[in-house]
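Below is the file data25.txt, which contains compact mmCIF, C-alpha atoms.
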```
# COMPACT_ATOMS: atom_id res chain seq x y z
CA MET A 29 15.92 12.33 38.01
CA SER A 30 18.52 10.31 36.17
CA ILE A 31 16.39 7.57 34.63
CA ALA A 32 12.62 7.15 34.74
CA HIS A 33 11.56 4.40 37.15
CA THR A 34 9.46 2.70 34.46
CA VAL A 35 12.44 2.59 32.08
CA GLN A 36 14.81 1.27 34.73
CA MET A 37 12.38 -1.45 35.81
CA TYR A 38 11.63 -2.45 32.21
CA LEU A 39 15.32 -2.78 31.36
CA MET A 40 16.00 -4.77 34.53
CA GLN A 41 12.99 -7.08 34.02
CA HIS A 42 14.22 -7.85 30.51
CA HIS A 43 17.82 -8.39 31.68
CA THR A 44 19.09 -5.62 29.44
CA PRO A 45 22.53 -4.18 30.20
CA PHE A 46 22.72 -0.41 29.86
CA ASP A 47 24.70 2.64 30.90
CA VAL A 48 23.41 6.09 31.81
CA VAL A 49 25.12 9.03 30.11
CA SER A 50 24.76 12.54 31.56
CA HIS A 51 24.77 15.66 29.43
CA GLN A 52 23.98 19.36 29.69
CA PRO A 53 20.23 20.08 29.72
CA THR A 54 18.73 20.19 26.21
CA VAL A 55 15.27 20.43 24.67
CA SER A 56 15.70 18.45 21.44
CA SER A 57 17.32 15.21 20.37
CA LEU A 58 19.52 17.01 17.83
CA ARG A 59 20.76 19.41 20.51
CA THR A 60 21.35 16.46 22.83
CA ALA A 61 23.46 14.78 20.16
CA ASN A 62 25.50 17.96 19.81
CA VAL A 63 26.20 18.54 23.52
CA ALA A 64 26.76 14.83 24.26
CA ARG A 65 29.02 14.48 21.21
CA ILE A 66 26.98 11.61 19.79
CA GLN A 67 26.08 11.23 16.13
CA PRO A 68 22.34 12.04 15.71
CA VAL A 69 21.88 8.74 13.84
CA CYS A 70 22.83 6.96 17.12
CA ILE A 71 20.03 8.52 19.17
CA ALA A 72 16.69 6.74 18.97
CA LYS A 73 13.89 9.21 19.61
CA ALA A 74 10.21 8.74 20.30
CA VAL A 75 7.68 10.61 18.18
CA MET A 76 4.16 10.49 19.56
CA LEU A 77 1.31 10.10 17.12
CA GLU A 78 -2.44 10.01 17.42
CA ASP A 79 -4.81 7.84 15.41
CA ASP A 80 -7.02 9.94 13.10
CA LEU A 81 -9.85 7.41 13.37
CA ALA A 82 -9.80 6.65 17.10
CA HIS A 83 -9.29 9.91 18.99
CA SER A 84 -7.02 9.54 22.02
CA HIS A 85 -5.42 6.35 20.69
CA PHE A 86 -1.71 7.02 20.76
CA MET A 87 1.13 5.36 18.89
CA MET A 88 4.87 5.82 19.28
CA ALA A 89 7.20 5.90 16.30
CA VAL A 90 10.88 5.28 17.06
CA VAL A 91 13.33 6.82 14.61
CA PRO A 92 16.93 8.11 14.68
CA ALA A 93 17.31 11.73 15.79
CA SER A 94 18.72 12.42 12.32
CA GLN A 95 15.36 11.52 10.76
CA HIS A 96 11.77 12.79 10.63
CA VAL A 97 8.72 10.57 10.56
CA ASP A 98 7.15 10.50 7.10
CA LEU A 99 3.51 10.51 8.23
CA ALA A 100 2.17 9.26 4.89
CA ARG A 101 4.55 6.29 4.86
CA LEU A 102 3.92 5.49 8.51
CA SER A 103 0.16 5.68 7.99
CA ARG A 104 0.50 3.17 5.15
CA GLU A 105 2.66 0.89 7.34
CA ALA A 106 0.17 1.20 10.23
CA GLY A 107 -2.83 0.66 7.97
CA ARG A 108 -4.59 3.77 9.25
CA PRO A 109 -4.07 7.54 9.19
CA VAL A 110 -2.10 9.13 12.02
CA HIS A 111 -0.97 12.66 12.90
CA LEU A 112 1.52 14.15 15.35
CA ALA A 113 0.20 14.24 18.92
CA SER A 114 0.73 17.28 21.10
CA GLU A 115 3.11 16.95 24.05
CA GLU A 116 0.23 17.88 26.36
CA ASP A 117 -2.04 15.13 24.99
CA ALA A 118 0.58 12.41 25.34
CA ALA A 119 2.14 13.56 28.64
CA GLY A 120 -0.31 11.62 30.80
CA LEU A 121 1.03 8.34 29.43
CA PHE A 122 4.53 9.07 30.76
CA ALA A 123 3.93 10.27 34.31
CA ASP A 124 7.51 9.60 35.45
CA CYS A 125 9.06 11.56 32.54
CA ASP A 126 9.61 15.24 31.89
CA ALA A 127 7.57 16.71 29.04
CA GLY A 128 9.45 16.27 25.77
CA ALA A 129 11.81 13.60 27.18
CA ILE A 130 9.84 10.48 26.32
CA PRO A 131 11.90 7.28 26.19
CA PRO A 132 11.42 5.31 22.95
CA LEU A 133 10.26 2.24 24.88
CA GLY A 134 6.53 2.27 24.19
CA PRO A 135 5.96 -1.29 25.47
CA ALA A 136 7.21 -0.23 28.92
CA TYR A 137 4.33 2.25 29.05
CA GLY A 138 1.71 0.14 27.27
CA VAL A 139 1.88 2.26 24.12
CA GLU A 140 1.62 0.77 20.64
CA THR A 141 5.02 1.21 19.00
CA MET A 142 6.49 1.04 15.50
CA TRP A 143 10.23 1.34 14.92
CA ASP A 144 12.10 2.37 11.81
CA ASP A 145 14.39 -0.20 10.19
CA SER A 146 17.18 2.40 9.85
CA LEU A 147 17.86 2.00 13.60
CA THR A 148 19.56 -1.34 12.90
CA GLN A 149 22.43 0.36 11.06
CA GLN A 150 24.22 1.34 14.30
CA PRO A 151 25.85 -1.09 16.76
CA GLU A 152 24.60 0.85 19.79
CA LEU A 153 21.99 3.48 20.46
CA TYR A 154 21.17 6.16 23.00
CA LEU A 155 17.65 6.79 24.30
CA GLU A 156 16.03 9.54 26.32
CA ALA A 157 16.01 8.40 29.94
CA GLY A 158 12.96 10.46 30.92
CA ASP A 159 14.53 13.84 31.62
CA HIS A 160 16.51 16.39 29.63
CA GLU A 161 19.93 15.54 31.12
CA HIS A 162 20.40 11.77 30.76
CA LEU A 163 20.51 9.13 28.06
CA VAL A 164 20.37 5.35 28.26
CA GLN A 165 23.10 3.69 26.20
CA LEU A 166 22.53 0.12 25.03
CA LYS A 167 23.29 -2.26 22.21
CA THR A 168 21.00 -1.93 19.20
CA SER A 169 20.35 -5.66 19.33
CA ASP A 170 19.00 -5.21 22.88
CA LEU A 171 16.67 -2.41 21.83
CA ILE A 172 15.36 -4.50 18.94
CA ARG A 173 14.83 -7.40 21.36
CA LEU A 174 12.87 -5.07 23.67
CA LEU A 175 10.74 -3.99 20.69
CA GLN A 176 10.47 -7.47 19.12
CA ASP A 177 6.67 -7.60 19.46
CA CYS A 178 6.31 -4.19 17.79
CA ARG A 179 5.82 -3.56 14.10
CA HIS A 180 8.65 -2.03 12.10
CA GLY A 181 9.25 -0.69 8.63
CA GLU A 182 10.75 2.14 6.60
CA PHE A 183 8.92 5.36 7.40
CA SER A 184 11.53 8.00 8.14
CA ARG A 185 13.36 10.56 6.03
CA PRO A 186 16.42 12.76 6.70
CA VAL A 187 15.95 15.96 8.70
```
Now, as a test, write the supplied structure out as structure tokens.
Amino acid sequence: MSIAHTVQMYLMQHHTPFDVVSHQPTVSSLRTANVARIQPVCIAKAVMLEDDLAHSHFMMAVVPASQHVDLARLSREAGRPVHLASEEDAAGLFADCDAGAIPPLGPAYGVETMWDDSLTQQPELYLEAGDHEHLVQLKTSDLIRLLQDCRHGEFSRPV
């Protein structure tokens, strides 16, 4: 797989130019940044969360690979408590993706999404493409346009 079908179709439907960047197989966004020689702040990663009040309601937080989600801050931004979801619990939402390689394009998969304002500090970003060997490269302005109907705020902190 080079790019998940859902991701490719979503980008094409929204007339979003992108490139696909190959890299050695990795299992974390920080390792991907290292082997692909990309600054971690330029990789937008998806962090899957679960609503504490409505079991099995998932939310995606999109933050730079150089950051962690501050769950307390994100819960305040979301207006409800959330916790990290397990990969197994969230995997069913991303059938065309490898486990742990979720693209940070929640709307493409019908998943509620919040993105961190720190993403806007870079001119372009890289996203998981759905496997552990490829990234999608696009302009930050295009990613923000794709996530324009999603909430955003400041809810990340340095790794």
Set out as CSV a contact list for stretch 77-142 of chain A and stretch 57-61 of chain A with a cut-off of 10 Å, giving each residue of stretch 77-142 of chain A that qualifies its closest atom pair and distance in Å to one decimal, counting all atoms listed in the file, ordered by chain and rising residue number.
```
residue,atom,partner,partner_atom,distance
A:Pro92,CA,A:Ser57,CA,9.1
A:Ala93,CA,A:Ser57,CA,5.8
A:Ser94,CA,A:Leu58,CA,7.2
A:Gln95,CA,A:Leu58,CA,9.9
A:Gly128,CA,A:Ser57,CA,9.6
A:Ala129,CA,A:Ser57,CA,8.9
```
With C-alpha atoms retained, write the just-selected residues as a short mmCIF file (atom, residue, chain, number, x, y, z; two decimals), in the coordinates of the input.
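What follows is the written file again.cif:
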```cif
data_model
loop_
_atom_site.label_atom_id
_atom_site.label_comp_id
_atom_site.auth_asym_id
_atom_site.auth_seq_id
_atom_site.Cartn_x
_atom_site.Cartn_y
_atom_site.Cartn_z
CA PRO A 92 16.93 8.11 14.68
CA ALA A 93 17.31 11.73 15.79
CA SER A 94 18.72 12.42 12.32
CA GLN A 95 15.36 11.52 10.76
CA GLY A 128 9.45 16.27 25.77
CA ALA A 129 11.81 13.60 27.18
#
```
Legend entry - Nearest to A:Ser103, chosen from A:Ile71, A:Leu39, A:Met87, A:Leu155, with all atoms listed in the file counted in the distances: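 Closest to A:Ser103 of all the choices is A:Met87.
Distances to A:Ala89 were evaluated for A:Gly107, A:Gly120, A:Gly158, A:Pro132 using all atoms listed in the file, and the minimum falls at A:Pro132.
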Inset, instruction - Between atom CA of A:Ala157 and atom CA of A:Ala32, measure the distance and give it in Å to one decimal. - result: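 Atom CA of A:Ala32 lies 6.0 Å from atom CA of A:Ala157.
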Distance table requested - stretch 80-134 of chain A against stretch 169-178 of chain A, cut-off 10 Å, only C-alpha atoms: one row per qualifying residue with the closest atom pair and its distance in Å to one decimal, ordered by chain and rising residue number, as a Markdown table.
```
| residue | atom | partner | partner_atom | distance |
| --- | --- | --- | --- | --- |
| A:Val90 | CA | A:Leu175 | CA | 10.0 |
| A:Pro132 | CA | A:Leu171 | CA | 9.4 |
| A:Leu133 | CA | A:Leu175 | CA | 7.5 |
| A:Gly134 | CA | A:Leu175 | CA | 8.3 |
```
Inset, instruction - Would you kindly return, as a ChimeraX atom specification, each protein, DNA or RNA residue with an atom no farther than 8 Å from any atom of stretch 98-101 of chain A, considering all atoms listed in the file and excluding same-chain residues fewer than 2 positions away? - result: /A:96,103-105,109-111,182-185
Taking 2 positions as the minimum chain separation for residues in the same chain, which residues sit within 10 Å of A:Thr168 when counting only C-alpha atoms? Answer as a PDB file with C-alpha atoms, keeping the file's coordinate frame.
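File around-v8.pdb, as written:
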```pdb
ATOM      1  CA  CYS A  70      22.830   6.960  17.120  1.00  0.00           C
ATOM      2  CA  ALA A  72      16.690   6.740  18.970  1.00  0.00           C
ATOM      3  CA  LEU A 147      17.860   2.000  13.600  1.00  0.00           C
ATOM      4  CA  THR A 148      19.560  -1.340  12.900  1.00  0.00           C
ATOM      5  CA  GLN A 149      22.430   0.360  11.060  1.00  0.00           C
ATOM      6  CA  GLN A 150      24.220   1.340  14.300  1.00  0.00           C
ATOM      7  CA  PRO A 151      25.850  -1.090  16.760  1.00  0.00           C
ATOM      8  CA  GLU A 152      24.600   0.850  19.790  1.00  0.00           C
ATOM      9  CA  LEU A 153      21.990   3.480  20.460  1.00  0.00           C
ATOM     10  CA  TYR A 154      21.170   6.160  23.000  1.00  0.00           C
ATOM     11  CA  GLN A 165      23.100   3.690  26.200  1.00  0.00           C
ATOM     12  CA  LEU A 166      22.530   0.120  25.030  1.00  0.00           C
ATOM     13  CA  ASP A 170      19.000  -5.210  22.880  1.00  0.00           C
ATOM     14  CA  LEU A 171      16.670  -2.410  21.830  1.00  0.00           C
ATOM     15  CA  ILE A 172      15.360  -4.500  18.940  1.00  0.00           C
ATOM     16  CA  ARG A 173      14.830  -7.400  21.360  1.00  0.00           C
ATOM     17  CA  LEU A 174      12.870  -5.070  23.670  1.00  0.00           C
TER      18      LEU A 174
END
```
Legend entry - Residue nearest A:His162 among A:Asp117, A:Leu77, A:Pro131, A:Val69 (counting all atoms listed in the file):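 Result for the nearest residue to A:His162: A:Pro131.
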Inset, instruction - Quick one: pull the distance between atom CA of A:Arg108 and atom CA of A:Ala127, Å, one decimal. - result: 26.6 Å
Inset, instruction - For each of A:Glu115, A:Asp47, A:Asp124, A:Glu161, take the minimum atom-to-atom distance to A:Glu78, counting all atoms listed in the file, then give the residue where this is smallest. - result: A:Glu115
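For the pair atom CA of A:His180 and atom CA of A:Pro68, the interatomic distance is 20.0 Å.
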Inset, instruction - For A:Ala64, please output as JSON, numbers by chain all residues within 9 Å (counting only C-alpha atoms; exclusion window: fewer than 5 positions along the same chain). - result: {"A": [49, 50, 51, 52, 59]}
